[in-house]
$ cat model_35.cif   # mmCIF, C-alpha atoms
data_target
#
loop_
_atom_site.label_atom_id
_atom_site.label_comp_id
_atom_site.auth_asym_id
_atom_site.auth_seq_id
_atom_site.Cartn_x
_atom_site.Cartn_y
_atom_site.Cartn_z
CA MET A 673 202.51 -99.43 53.56
CA SER A 674 201.10 -95.96 52.91
CA GLU A 675 198.96 -94.08 55.41
CA VAL A 676 196.02 -93.92 53.01
CA LEU A 677 196.08 -97.70 52.58
CA GLU A 678 196.09 -98.12 56.35
CA ALA A 679 193.12 -95.76 56.61
CA ALA A 680 191.24 -97.63 53.87
CA LEU A 681 191.81 -101.01 55.53
CA GLU A 682 190.65 -99.57 58.84
CA ARG A 683 187.41 -98.49 57.16
CA PHE A 684 187.05 -101.86 55.49
CA ALA A 685 187.87 -104.34 58.23
CA GLY A 686 189.03 -102.52 61.32
CA ARG A 687 192.13 -104.70 61.57
CA ARG A 688 194.67 -106.70 59.58
CA THR A 689 195.26 -110.39 60.18
CA ALA A 690 198.26 -112.62 60.10
CA GLN A 691 198.59 -115.06 57.24
CA GLY A 692 197.55 -117.93 59.48
CA ASP A 693 194.20 -116.44 60.47
CA PRO A 694 191.45 -118.51 58.81
CA MET A 695 189.17 -115.46 58.59
CA ARG A 696 191.02 -113.39 56.04
CA HIS A 697 190.89 -111.90 52.57
CA ARG A 698 193.94 -111.66 50.34
CA PHE A 699 194.23 -108.77 47.91
CA ALA A 700 196.60 -107.73 45.16
CA VAL A 701 197.50 -104.06 45.62
CA LEU A 702 197.92 -102.13 42.37
CA PRO A 703 200.17 -100.52 41.42
CA SER A 704 201.97 -100.92 44.81
CA ARG A 705 201.58 -100.65 48.58
CA GLN A 706 203.33 -97.27 48.50
CA GLU A 707 201.00 -95.90 45.81
CA PRO A 708 197.82 -97.97 46.22
CA ARG A 709 194.81 -97.44 43.99
CA TYR A 710 193.14 -100.83 43.46
CA LEU A 711 192.78 -103.88 45.70
CA LEU A 712 191.71 -106.98 43.78
CA PRO A 713 190.63 -110.20 45.54
CA LEU A 714 192.90 -113.21 45.13
CA GLY A 715 192.11 -116.88 45.41
CA ASP A 716 189.29 -117.23 42.88
CA SER A 717 189.74 -116.08 39.29
CA ARG A 718 186.01 -115.35 38.94
CA THR A 719 185.99 -112.66 41.62
CA THR A 720 189.42 -111.37 40.56
CA LEU A 721 188.22 -110.86 36.99
CA GLU A 722 184.94 -109.32 38.09
CA GLY A 723 186.91 -107.07 40.43
CA PHE A 724 188.46 -105.43 37.38
CA ARG A 725 185.07 -103.69 36.90
CA VAL A 726 186.19 -101.09 39.43
CA TYR A 727 188.84 -99.99 36.91
CA THR A 728 187.62 -98.61 33.58
CA PRO A 729 190.61 -97.10 31.72
CA TYR A 730 190.24 -95.11 28.50
CA GLU A 731 193.88 -94.29 27.85
CA LEU A 732 195.34 -96.80 25.36
CA GLY A 733 198.30 -97.89 27.49
CA ALA A 734 196.15 -98.41 30.58
CA ARG A 735 193.62 -100.42 28.58
CA PHE A 736 196.43 -102.64 27.30
CA ARG A 737 197.76 -103.23 30.83
CA LYS A 738 194.29 -104.11 32.12
CA GLY A 739 193.76 -106.54 29.24
CA LEU A 740 197.14 -108.16 29.87
CA LEU A 741 196.43 -108.60 33.59
CA SER A 742 193.03 -110.10 32.81
CA GLN A 743 194.61 -112.65 30.52
CA LEU A 744 197.19 -113.57 33.16
CA VAL A 745 194.43 -114.12 35.70
CA LYS A 746 192.60 -116.39 33.25
CA THR A 747 195.70 -118.54 32.83
CA GLY A 748 195.83 -119.11 36.57
CA TRP A 749 199.31 -117.59 36.94
CA SER A 750 199.53 -115.88 40.34
CA GLY A 751 202.93 -114.27 39.85
CA TRP A 752 201.33 -111.08 38.50
CA ALA A 753 200.22 -110.18 42.06
CA MET A 754 203.62 -108.88 43.16
CA HIS A 755 202.15 -106.71 45.93
CA SER A 756 199.62 -108.51 48.10
CA LEU A 757 198.36 -108.40 51.66
CA TYR A 758 196.01 -110.22 53.99
CA VAL A 759 193.12 -108.34 55.53
CA GLY A 760 190.85 -109.32 58.39
CA GLU A 761 187.26 -110.37 57.85
CA PRO A 762 185.11 -107.21 57.53
CA LEU A 763 182.48 -108.46 59.95
CA GLY A 764 180.45 -105.28 59.96
CA LEU A 765 180.34 -104.89 56.18
CA THR A 766 179.66 -108.59 55.70
CA ALA A 767 176.68 -108.34 58.05
CA LEU A 768 175.42 -105.29 56.17
CA VAL A 769 175.73 -107.04 52.80
CA THR A 770 174.00 -110.15 54.13
CA ASN A 771 171.11 -108.12 55.56
CA VAL A 772 170.64 -106.15 52.34
CA THR A 773 171.27 -108.81 49.68
CA GLY A 774 171.06 -112.18 51.43
CA GLU A 775 174.60 -113.09 50.35
CA ARG A 776 176.40 -114.69 53.32
CA ASN A 777 179.89 -115.00 51.84
CA PRO A 778 180.53 -111.87 49.78
CA ALA A 779 183.78 -111.12 48.02
CA PHE A 780 185.17 -107.61 47.73
CA ALA A 781 187.32 -105.48 45.45
CA MET A 782 188.32 -101.94 46.37
CA VAL A 783 189.41 -98.70 44.77
CA LEU A 784 190.90 -95.70 46.52
CA GLY A 785 189.47 -92.54 45.02
CA THR A 786 191.27 -89.44 43.82
CA PRO A 787 193.74 -88.14 46.43
CA GLY A 788 192.73 -84.98 48.22
CA LYS A 789 190.04 -83.52 50.41
CA TYR A 790 187.25 -85.79 49.14
CA ARG A 791 189.04 -89.12 48.90
CA LYS A 792 186.78 -92.14 49.33
CA LEU A 793 186.97 -95.90 49.50
CA VAL A 794 184.72 -97.61 46.96
CA ILE A 795 184.07 -101.30 47.62
CA GLN A 796 182.72 -103.58 44.92
CA VAL A 797 180.57 -106.28 46.52
CA MET A 798 180.32 -109.67 44.74
CA ARG A 799 178.96 -113.14 45.17
CA ALA A 800 181.45 -116.00 45.19
CA SER A 801 180.36 -116.70 41.60
CA GLY A 802 181.64 -113.26 40.57
CA GLU A 803 178.25 -111.54 40.18
CA THR A 804 178.44 -107.91 41.29
CA LEU A 805 175.80 -107.03 43.88
CA GLY A 806 176.60 -103.35 44.29
CA TYR A 807 179.08 -100.73 45.40
CA ILE A 808 179.72 -99.35 48.88
CA LYS A 809 181.13 -95.85 49.32
CA LEU A 810 182.89 -94.74 52.50
CA GLY A 811 184.57 -91.38 53.01
CA LEU A 812 188.21 -91.38 54.13
CA THR A 813 187.87 -87.76 55.33
CA LYS A 814 185.04 -85.87 56.97
CA PRO A 815 184.28 -83.81 53.80
CA ALA A 816 184.29 -87.04 51.77
CA GLY A 817 181.80 -88.58 54.18
CA GLU A 818 179.50 -85.58 53.68
CA ARG A 819 179.74 -86.04 49.93
CA VAL A 820 178.69 -89.68 50.29
CA ARG A 821 175.69 -88.53 52.32
CA TYR A 822 174.84 -85.96 49.65
CA GLU A 823 175.04 -88.53 46.84
CA ALA A 824 172.54 -90.75 48.66
CA ARG A 825 170.12 -87.83 48.78
CA VAL A 826 170.64 -87.03 45.09
CA LEU A 827 169.99 -90.62 44.05
CA GLY A 828 166.71 -90.43 45.95
CA ASP A 829 165.77 -87.27 44.05
CA LEU A 830 166.58 -88.96 40.73
CA ALA A 831 164.50 -92.09 41.41
CA SER A 832 162.34 -91.51 38.34
CA LEU A 833 165.41 -92.04 36.09
CA ARG A 834 165.94 -95.64 37.17
CA PRO A 835 167.28 -97.96 35.84
CA LEU A 836 169.53 -95.32 34.22
CA VAL A 837 170.91 -94.35 37.64
CA PRO A 838 171.84 -96.58 40.59
CA ARG A 839 169.32 -97.55 43.26
CA VAL A 840 170.13 -96.94 46.92
CA LEU A 841 170.27 -100.33 48.62
CA TYR A 842 171.23 -98.90 51.99
CA ALA A 843 172.39 -95.54 53.34
CA GLY A 844 173.17 -94.58 56.92
CA GLU A 845 175.71 -93.72 59.60
CA TRP A 846 178.77 -95.96 59.75
CA GLN A 847 181.87 -95.81 61.99
CA ASP A 848 181.70 -92.05 62.59
CA SER A 849 181.05 -91.48 58.90
CA TYR A 850 178.35 -92.36 56.36
CA VAL A 851 177.95 -95.41 54.14
CA LEU A 852 176.16 -95.62 50.80
CA PHE A 853 175.44 -99.04 49.27
CA GLN A 854 174.11 -98.69 45.73
CA SER A 855 173.13 -101.08 42.98
CA PRO A 856 175.45 -101.74 40.02
CA LEU A 857 174.76 -100.51 36.51
CA GLU A 858 174.99 -103.23 33.91
CA GLY A 859 176.43 -102.97 30.42
CA ARG A 860 179.71 -102.11 28.76
CA PRO A 861 181.69 -98.90 29.44
CA GLY A 862 180.22 -95.88 27.68
CA PRO A 863 181.86 -94.41 24.56
CA ALA A 864 184.43 -91.61 24.72
CA GLU A 865 182.61 -89.51 22.11
CA LEU A 866 179.37 -87.63 22.64
CA SER A 867 176.52 -89.27 20.75
CA GLY A 868 172.77 -89.44 20.52
CA MET A 869 172.52 -91.65 23.61
CA HIS A 870 174.32 -88.98 25.66
CA VAL A 871 171.95 -86.31 24.39
CA GLU A 872 168.95 -88.52 25.12
CA PHE A 873 170.07 -89.10 28.70
CA LEU A 874 170.76 -85.41 29.31
CA GLU A 875 167.35 -84.50 27.91
CA LYS A 876 165.73 -86.88 30.41
CA LEU A 877 167.78 -85.35 33.18
CA ALA A 878 166.82 -81.84 32.09
CA ALA A 879 163.13 -82.74 32.09
CA LEU A 880 163.24 -83.46 35.84
CA ARG A 881 163.77 -79.84 36.79
CA ARG A 882 163.94 -76.48 35.04
CA VAL A 883 164.70 -73.13 36.63
CA ASP A 884 165.25 -70.02 34.50
CA LYS A 885 167.94 -67.75 35.95
CA PRO A 886 169.15 -64.31 34.85
CA GLY A 887 172.67 -64.50 33.46
CA LEU A 888 173.94 -62.02 36.05
CA THR A 889 172.60 -64.19 38.87
CA LEU A 890 174.71 -67.07 37.60
CA LEU A 891 177.65 -64.70 37.37
CA GLU A 892 177.23 -63.65 41.01
CA GLU A 893 176.89 -67.26 42.18
CA ALA A 894 180.04 -68.31 40.31
CA GLY A 895 181.95 -65.33 41.69
CA ALA A 896 180.92 -66.09 45.28
CA ARG A 897 182.00 -69.72 45.00
CA TRP A 898 185.29 -68.73 43.43
CA LYS A 899 186.04 -66.40 46.34
CA GLU A 900 185.24 -69.16 48.85
CA VAL A 901 187.87 -71.39 47.26
CA THR A 902 190.59 -68.87 46.40
CA TRP A 903 190.60 -66.29 49.19
CA ARG A 904 193.79 -67.85 50.57
CA CYS A 905 195.35 -68.53 47.17
CA ASP A 906 198.05 -66.70 45.29
CA TRP A 907 197.03 -63.31 43.86
CA ARG A 908 197.27 -64.77 40.34
CA TRP A 909 194.19 -66.89 41.03
CA GLN A 910 192.31 -63.80 42.18
CA ARG A 911 193.27 -61.97 39.01
CA LEU A 912 192.21 -64.90 36.83
CA GLY A 913 188.80 -64.99 38.49
CA THR A 914 188.27 -61.25 38.07
CA ALA A 915 189.22 -61.40 34.39
CA THR A 916 186.88 -64.34 33.78
CA LEU A 917 183.89 -62.73 35.48
CA THR A 918 184.46 -59.46 33.63
CA ALA A 919 184.59 -61.22 30.26
CA ALA A 920 181.56 -63.39 31.03
CA ARG A 921 179.47 -60.40 32.15
CA ARG A 922 179.47 -58.95 28.62
CA ASP A 923 177.76 -62.09 27.31
CA LEU A 924 175.35 -62.68 30.18
CA GLU A 925 174.00 -59.21 31.03
CA ASN A 926 170.76 -59.42 29.08
CA ILE A 927 169.93 -63.11 28.84
CA THR A 928 167.96 -65.67 30.81
CA VAL A 929 169.52 -69.13 31.16
CA PRO A 930 167.58 -72.41 31.54
CA CYS A 931 169.06 -74.41 34.41
CA GLY A 932 168.54 -77.79 36.02
CA TYR A 933 170.43 -80.86 37.21
CA TRP A 934 174.15 -80.92 36.41
CA HIS A 935 175.79 -84.30 36.96
CA GLY A 936 179.03 -82.54 37.77
CA ASP A 937 181.37 -85.25 36.48
CA PHE A 938 179.69 -86.42 33.28
CA ALA A 939 182.55 -88.39 31.73
CA PRO A 940 182.96 -91.69 29.84
CA TRP A 941 184.25 -93.57 32.91
CA ASN A 942 181.05 -92.77 34.81
CA THR A 943 178.74 -94.28 32.19
CA ARG A 944 177.53 -97.68 31.00
CA VAL A 945 175.63 -98.75 27.88
CA VAL A 946 173.08 -101.54 27.64
CA ASP A 947 170.54 -102.05 24.84
CA GLY A 948 171.50 -98.73 23.29
CA GLN A 949 170.74 -96.74 26.43
CA LEU A 950 173.20 -94.77 28.51
CA SER A 951 173.19 -95.10 32.29
CA VAL A 952 175.22 -92.90 34.61
CA PHE A 953 176.68 -93.28 38.11
CA ASP A 954 178.86 -91.25 40.53
CA TRP A 955 176.44 -88.41 41.40
CA GLU A 956 178.32 -86.93 44.34
CA ALA A 957 179.12 -83.66 42.49
CA CYS A 958 175.58 -83.14 41.15
CA GLU A 959 174.02 -79.67 41.43
CA PRO A 960 170.29 -78.94 40.97
CA GLU A 961 170.38 -75.49 39.32
CA ALA A 962 173.30 -75.31 36.88
CA PRO A 963 173.05 -74.17 33.24
CA PHE A 964 171.94 -76.81 30.76
CA GLY A 965 174.92 -77.69 28.59
CA TRP A 966 177.55 -77.79 31.30
CA ASP A 967 177.54 -81.60 31.23
CA THR A 968 178.49 -81.60 27.54
CA PHE A 969 181.21 -79.02 28.22
CA HIS A 970 182.57 -81.21 31.01
CA PHE A 971 182.44 -84.43 28.99
CA SER A 972 184.36 -82.93 26.07
CA LEU A 973 186.90 -81.22 28.31
CA GLN A 974 187.60 -84.43 30.25
CA VAL A 975 188.12 -86.45 27.09
CA ALA A 976 190.37 -83.76 25.62
CA CYS A 977 192.41 -83.70 28.85
CA LEU A 978 192.71 -87.49 28.79
CA ARG A 979 193.89 -87.47 25.19
CA LYS A 980 196.03 -84.35 25.71
CA LYS A 981 194.28 -82.62 22.84
CA SER A 982 192.65 -79.24 22.39
CA TRP A 983 189.00 -78.79 23.34
CA ARG A 984 188.54 -75.96 20.82
CA THR A 985 187.30 -78.19 18.02
CA LYS A 986 184.41 -79.38 20.21
CA PHE A 987 182.40 -76.18 20.56
CA ASP A 988 181.04 -73.39 18.40
CA LEU A 989 180.35 -70.73 21.00
CA SER A 990 179.33 -68.04 18.51
CA ARG A 991 175.99 -69.54 17.49
CA THR A 992 174.04 -69.21 20.75
CA PRO A 993 173.67 -65.95 22.71
CA GLY A 994 175.50 -66.17 26.01
CA ALA A 995 177.24 -69.45 25.17
CA ARG A 996 180.75 -68.05 25.52
CA GLY A 997 179.93 -66.44 28.85
CA LEU A 998 178.44 -69.70 30.13
CA PHE A 999 181.51 -71.59 28.97
CA LEU A 1000 183.76 -69.17 30.85
CA LEU A 1001 181.67 -69.64 34.01
CA PHE A 1002 181.84 -73.41 33.54
CA LEU A 1003 185.64 -73.31 33.27
CA LEU A 1004 185.88 -71.09 36.36
CA THR A 1005 183.52 -73.36 38.34
CA ASN A 1006 185.39 -76.49 37.23
CA LEU A 1007 188.71 -74.90 38.12
CA GLY A 1008 187.34 -73.91 41.53
CA ARG A 1009 186.24 -77.47 42.17
CA ALA A 1010 189.69 -78.77 41.26
CA LEU A 1011 191.30 -76.27 43.65
CA ASP A 1012 188.87 -77.25 46.40
CA GLU A 1013 189.85 -80.93 46.08
CA ARG A 1014 193.38 -80.06 47.25
CA SER A 1015 194.87 -82.92 45.32
CA GLU A 1016 198.65 -83.25 45.37
CA SER A 1017 198.67 -83.82 41.62
CA ASN A 1018 195.71 -82.77 39.52
CA GLU A 1019 195.98 -82.88 35.74
CA ARG A 1020 192.41 -81.60 35.47
CA LEU A 1021 193.34 -78.44 37.36
CA ASP A 1022 196.33 -77.73 35.09
CA TYR A 1023 194.38 -78.45 31.92
CA CYS A 1024 191.36 -76.41 32.99
CA GLN A 1025 193.56 -73.49 34.00
CA GLN A 1026 195.24 -73.45 30.60
CA ALA A 1027 191.89 -73.77 28.82
CA LEU A 1028 190.51 -70.81 30.74
CA ILE A 1029 193.57 -68.65 30.07
CA SER A 1030 193.43 -69.60 26.39
CA GLU A 1031 189.72 -68.83 26.13
CA LEU A 1032 190.19 -65.43 27.80
CA GLY A 1033 192.86 -64.65 25.23
CA ALA A 1034 190.37 -65.41 22.45
CA VAL A 1035 187.56 -63.22 23.86
#
$ encode --input "model_35.cif" --output "structure tokens"
Amino acid sequence: MSEVLEAALERFAGRRTAQGDPMRHRFAVLPSRQEPRYLLPLGDSRTTLEGFRVYTPYELGARFRKGLLSQLVKTGWSGWAMHSLYVGEPLGLTALVTNVTGERNPAFAMVLGTPGKYRKLVIQVMRASGETLGYIKLGLTKPAGERVRYEARVLGDLASLRPLVPRVLYAGEWQDSYVLFQSPLEGRPGPAELSGMHVEFLEKLAALRRVDKPGLTLLEEAGARWKEVTWRCDWRWQRLGTATLTAARRDLENITVPCGYWHGDFAPWNTRVVDGQLSVFDWEACEPEAPFGWDTFHFSLQVACLRKKSWRTKFDLSRTPGARGLFLLFLLTNLGRALDERSESNERLDYCQQALISELGAV
């Protein structure tokens, strides 16, 4: 069993139990114990099927595999769970869930977040009937724990957007870290193409806060953050940052930029749709004073990366003064975030790096 799985189970239950222990939970580990990502509850098809909510694939092959597994669960065939384990009763978490929701016998599904500096354990909390009660976030590293704490604060600041953002059910210190228990967002997964509902949500988000910043101030802020991330990196990263800031300066010298809340990871897999309205979760990367429009840049770039297509058809950067400079700063900021995550394998970093180099070549 991998070290990260051991760490996640320690956060969840504090101990593992033998198969004969009556107080236990059995999980299927996907794709394997050596490379764990999802832990789905076994024993009741209702909670197993509802546990699939923690996994929202958009790539065609992954969607097919999820659909196939769901059908196998519905048939009652248990052979699909090739990798399984028994885990001790999470007495502390169960007590927390009971105190917050009243549910005395909760079921759980788990997902291990993106590997790297900010890796977290996300626990889907359910009733025995399969109804999802909410999601618990626990950091697996100290920086991840601080991000969980930050997200709780952001959700408090965004209270006026409810029910389009999750509600904090509980937030506080937990096992030398920080726990955030938030309400679920109902509805189907959001679409993978920008539409009117995306624009409507971002307009509501923009209305919460507006700060006008000189373009050169944004340039200085982006440059400072880039240096914080790359000062130990290869000289090529330093050169890329210098080239980007020089090119962006020409567009941003004489403009003022409206800024406000930036979700930070506005992507299809962090959205839900119900009654024609978009709701959005996963606010841990939110920033309060970023240029308006960066969320649409990010959404389009993420979808293009997923589909392994070019982002160039998504934007016309020649129509608005300063747009190209802001796009360059967005790419540099996004690339800096990917570097800061220190992930062993990061497709977003590679794609964003190539997009930035390509855009510099077109300036």
$ atom_distance --input "model_35.cif" --atom1 "atom CA of A:Pro778" --atom2 "atom CA of A:Ser801"
9.5 Å
$ closest_residue --input "model_35.cif" --among "A:Leu827, A:Leu763, A:Trp907, A:Val837" --to "A:Arg944" --atoms "only C-alpha atoms"
A:Val837
$ resolve_selection --input "model_35.cif" --expression "the PyMOL selection byres ((chain A and resi 887-891) around 6)" --output "mmCIF file with C-alpha atoms, keeping the file's coordinate frame"
data_model
loop_
_atom_site.group_PDB
_atom_site.id
_atom_site.type_symbol
_atom_site.label_atom_id
_atom_site.label_comp_id
_atom_site.auth_asym_id
_atom_site.auth_seq_id
_atom_site.Cartn_x
_atom_site.Cartn_y
_atom_site.Cartn_z
ATOM 1 C CA PRO A 886 169.150 -64.310 34.850
ATOM 2 C CA GLU A 892 177.230 -63.650 41.010
ATOM 3 C CA GLU A 893 176.890 -67.260 42.180
ATOM 4 C CA ALA A 894 180.040 -68.310 40.310
ATOM 5 C CA LEU A 924 175.350 -62.680 30.180
ATOM 6 C CA GLU A 925 174.000 -59.210 31.030
ATOM 7 C CA ILE A 927 169.930 -63.110 28.840
ATOM 8 C CA THR A 928 167.960 -65.670 30.810
#
$ atom_distance --input "model_35.cif" --atom1 "atom CA of A:Met782" --atom2 "atom CA of A:Leu711"
4.9 Å
$ closest_residue --input "model_35.cif" --among "A:Val946, A:Ala843, A:Ile1029, A:Ala878" --to "A:Pro930" --atoms "all atoms listed in the file"
A:Ala878
$ atom_distance --input "model_35.cif" --atom1 "atom CA of A:Gly764" --atom2 "atom CA of A:Ala824"
20.0 Å
$ axis_aligned_box --input "model_35.cif" --around "stretch 872-880 of chain A" --padding-each-side "6 Å" --output "AutoDock Vina command-line options"
--center_x 166.9 --center_y -85.5 --center_z 30.5 --size_x 19.6 --size_y 19.3 --size_z 22.7
$ resolve_selection --input "model_35.cif" --expression "the PyMOL selection byres ((chain A and resi 823) around 10)" --output "PyMOL selection string"
chain A and resi 809+817-822+824-829+840+843+852+954-958
$ resolve_selection --input "model_35.cif" --expression "the PyMOL selection byres ((chain A and resi 791) around 7)" --output "list of chain:residue names"
A:Gly785, A:Thr786, A:Pro787, A:Gly788, A:Lys789, A:Tyr790, A:Lys792, A:Gly811, A:Leu812, A:Thr813, A:Ala816
$ closest_residue --input "model_35.cif" --among "A:Phe1002, A:Phe684, A:Trp752, A:Tyr730" --to "A:Ala700" --atoms "all atoms listed in the file"
A:Trp752
$ closest_residue --input "model_35.cif" --among "A:Leu744, A:Val783, A:Arg881, A:Leu721" --to "A:Val676" --atoms "all atoms listed in the file"
A:Val783
$ closest_atom_pairs --input "model_35.cif" --of "stretch 911-1007 of chain A" --to "stretch 1021-1026 of chain A" --cutoff "7 Å" --atoms "all atoms listed in the file" --output "CSV"
residue,atom,partner,partner_atom,distance
A:Cys977,CA,A:Tyr1023,CA,6.4
A:Leu1003,CA,A:Cys1024,CA,6.5
A:Leu1007,CA,A:Leu1021,CA,5.9
$ closest_residue --input "model_35.cif" --among "A:Gly715, A:Gly760, A:Gly723, A:Gly994" --to "A:Arg921" --atoms "only C-alpha atoms"
A:Gly994
$ decode --input "model_35.cif" --residues "stretch 923-939 of chain A" --atoms "N, CA, C and O atoms" --output "mmCIF file, in the first residue's frame"
data_model
loop_
_atom_site.group_PDB
_atom_site.id
_atom_site.type_symbol
_atom_site.label_atom_id
_atom_site.label_comp_id
_atom_site.auth_asym_id
_atom_site.auth_seq_id
_atom_site.Cartn_x
_atom_site.Cartn_y
_atom_site.Cartn_z
ATOM 1 N N ASP A 923 1.560 46.291 -23.267
ATOM 2 C CA ASP A 923 0.098 46.369 -23.348
ATOM 3 C C ASP A 923 -0.537 47.016 -22.124
ATOM 4 O O ASP A 923 -1.666 47.504 -22.194
ATOM 5 N N LEU A 924 0.162 47.000 -20.999
ATOM 6 C CA LEU A 924 -0.463 47.381 -19.731
ATOM 7 C C LEU A 924 0.002 48.721 -19.181
ATOM 8 O O LEU A 924 -0.501 49.172 -18.152
ATOM 9 N N GLU A 925 0.925 49.387 -19.856
ATOM 10 C CA GLU A 925 1.519 50.613 -19.313
ATOM 11 C C GLU A 925 0.502 51.710 -19.038
ATOM 12 O O GLU A 925 0.582 52.410 -18.031
ATOM 13 N N ASN A 926 -0.464 51.876 -19.890
ATOM 14 C CA ASN A 926 -1.346 53.043 -19.793
ATOM 15 C C ASN A 926 -2.809 52.689 -19.605
ATOM 16 O O ASN A 926 -3.685 53.446 -20.015
ATOM 17 N N ILE A 927 -3.083 51.552 -18.978
ATOM 18 C CA ILE A 927 -4.480 51.170 -18.793
ATOM 19 C C ILE A 927 -4.775 50.897 -17.319
ATOM 20 O O ILE A 927 -3.871 50.629 -16.519
ATOM 21 N N THR A 928 -6.049 50.998 -16.982
ATOM 22 C CA THR A 928 -6.541 50.620 -15.663
ATOM 23 C C THR A 928 -7.412 49.375 -15.823
ATOM 24 O O THR A 928 -8.243 49.300 -16.734
ATOM 25 N N VAL A 929 -7.235 48.405 -14.937
ATOM 26 C CA VAL A 929 -7.877 47.099 -15.090
ATOM 27 C C VAL A 929 -8.873 46.863 -13.956
ATOM 28 O O VAL A 929 -8.498 46.933 -12.778
ATOM 29 N N PRO A 930 -10.139 46.597 -14.272
ATOM 30 C CA PRO A 930 -11.105 46.228 -13.219
ATOM 31 C C PRO A 930 -10.790 44.845 -12.675
ATOM 32 O O PRO A 930 -10.600 43.891 -13.439
ATOM 33 N N CYS A 931 -10.745 44.724 -11.363
ATOM 34 C CA CYS A 931 -10.385 43.461 -10.711
ATOM 35 C C CYS A 931 -11.417 43.094 -9.654
ATOM 36 O O CYS A 931 -12.180 43.945 -9.184
ATOM 37 N N GLY A 932 -11.419 41.835 -9.281
ATOM 38 C CA GLY A 932 -12.323 41.347 -8.249
ATOM 39 C C GLY A 932 -12.030 39.893 -7.959
ATOM 40 O O GLY A 932 -10.910 39.419 -8.172
ATOM 41 N N TYR A 933 -13.044 39.158 -7.497
ATOM 42 C CA TYR A 933 -12.840 37.753 -7.146
ATOM 43 C C TYR A 933 -12.505 36.913 -8.373
ATOM 44 O O TYR A 933 -13.190 36.992 -9.395
ATOM 45 N N TRP A 934 -11.461 36.104 -8.236
ATOM 46 C CA TRP A 934 -11.063 35.112 -9.238
ATOM 47 C C TRP A 934 -11.180 33.749 -8.576
ATOM 48 O O TRP A 934 -10.535 33.491 -7.563
ATOM 49 N N HIS A 935 -12.033 32.888 -9.117
ATOM 50 C CA HIS A 935 -12.211 31.561 -8.533
ATOM 51 C C HIS A 935 -10.887 30.840 -8.435
ATOM 52 O O HIS A 935 -10.585 30.182 -7.439
ATOM 53 N N GLY A 936 -10.081 30.929 -9.477
ATOM 54 C CA GLY A 936 -8.763 30.322 -9.454
ATOM 55 C C GLY A 936 -8.686 28.955 -10.094
ATOM 56 O O GLY A 936 -7.622 28.542 -10.561
ATOM 57 N N ASP A 937 -9.796 28.229 -10.125
ATOM 58 C CA ASP A 937 -9.841 26.936 -10.820
ATOM 59 C C ASP A 937 -11.230 26.740 -11.406
ATOM 60 O O ASP A 937 -11.877 25.711 -11.209
ATOM 61 N N PHE A 938 -11.688 27.754 -12.136
ATOM 62 C CA PHE A 938 -13.001 27.729 -12.766
ATOM 63 C C PHE A 938 -12.933 26.770 -13.948
ATOM 64 O O PHE A 938 -12.376 27.077 -14.999
ATOM 65 N N ALA A 939 -13.474 25.567 -13.757
ATOM 66 C CA ALA A 939 -13.381 24.499 -14.745
ATOM 67 C C ALA A 939 -14.653 23.663 -14.677
ATOM 68 O O ALA A 939 -15.359 23.675 -13.663
#
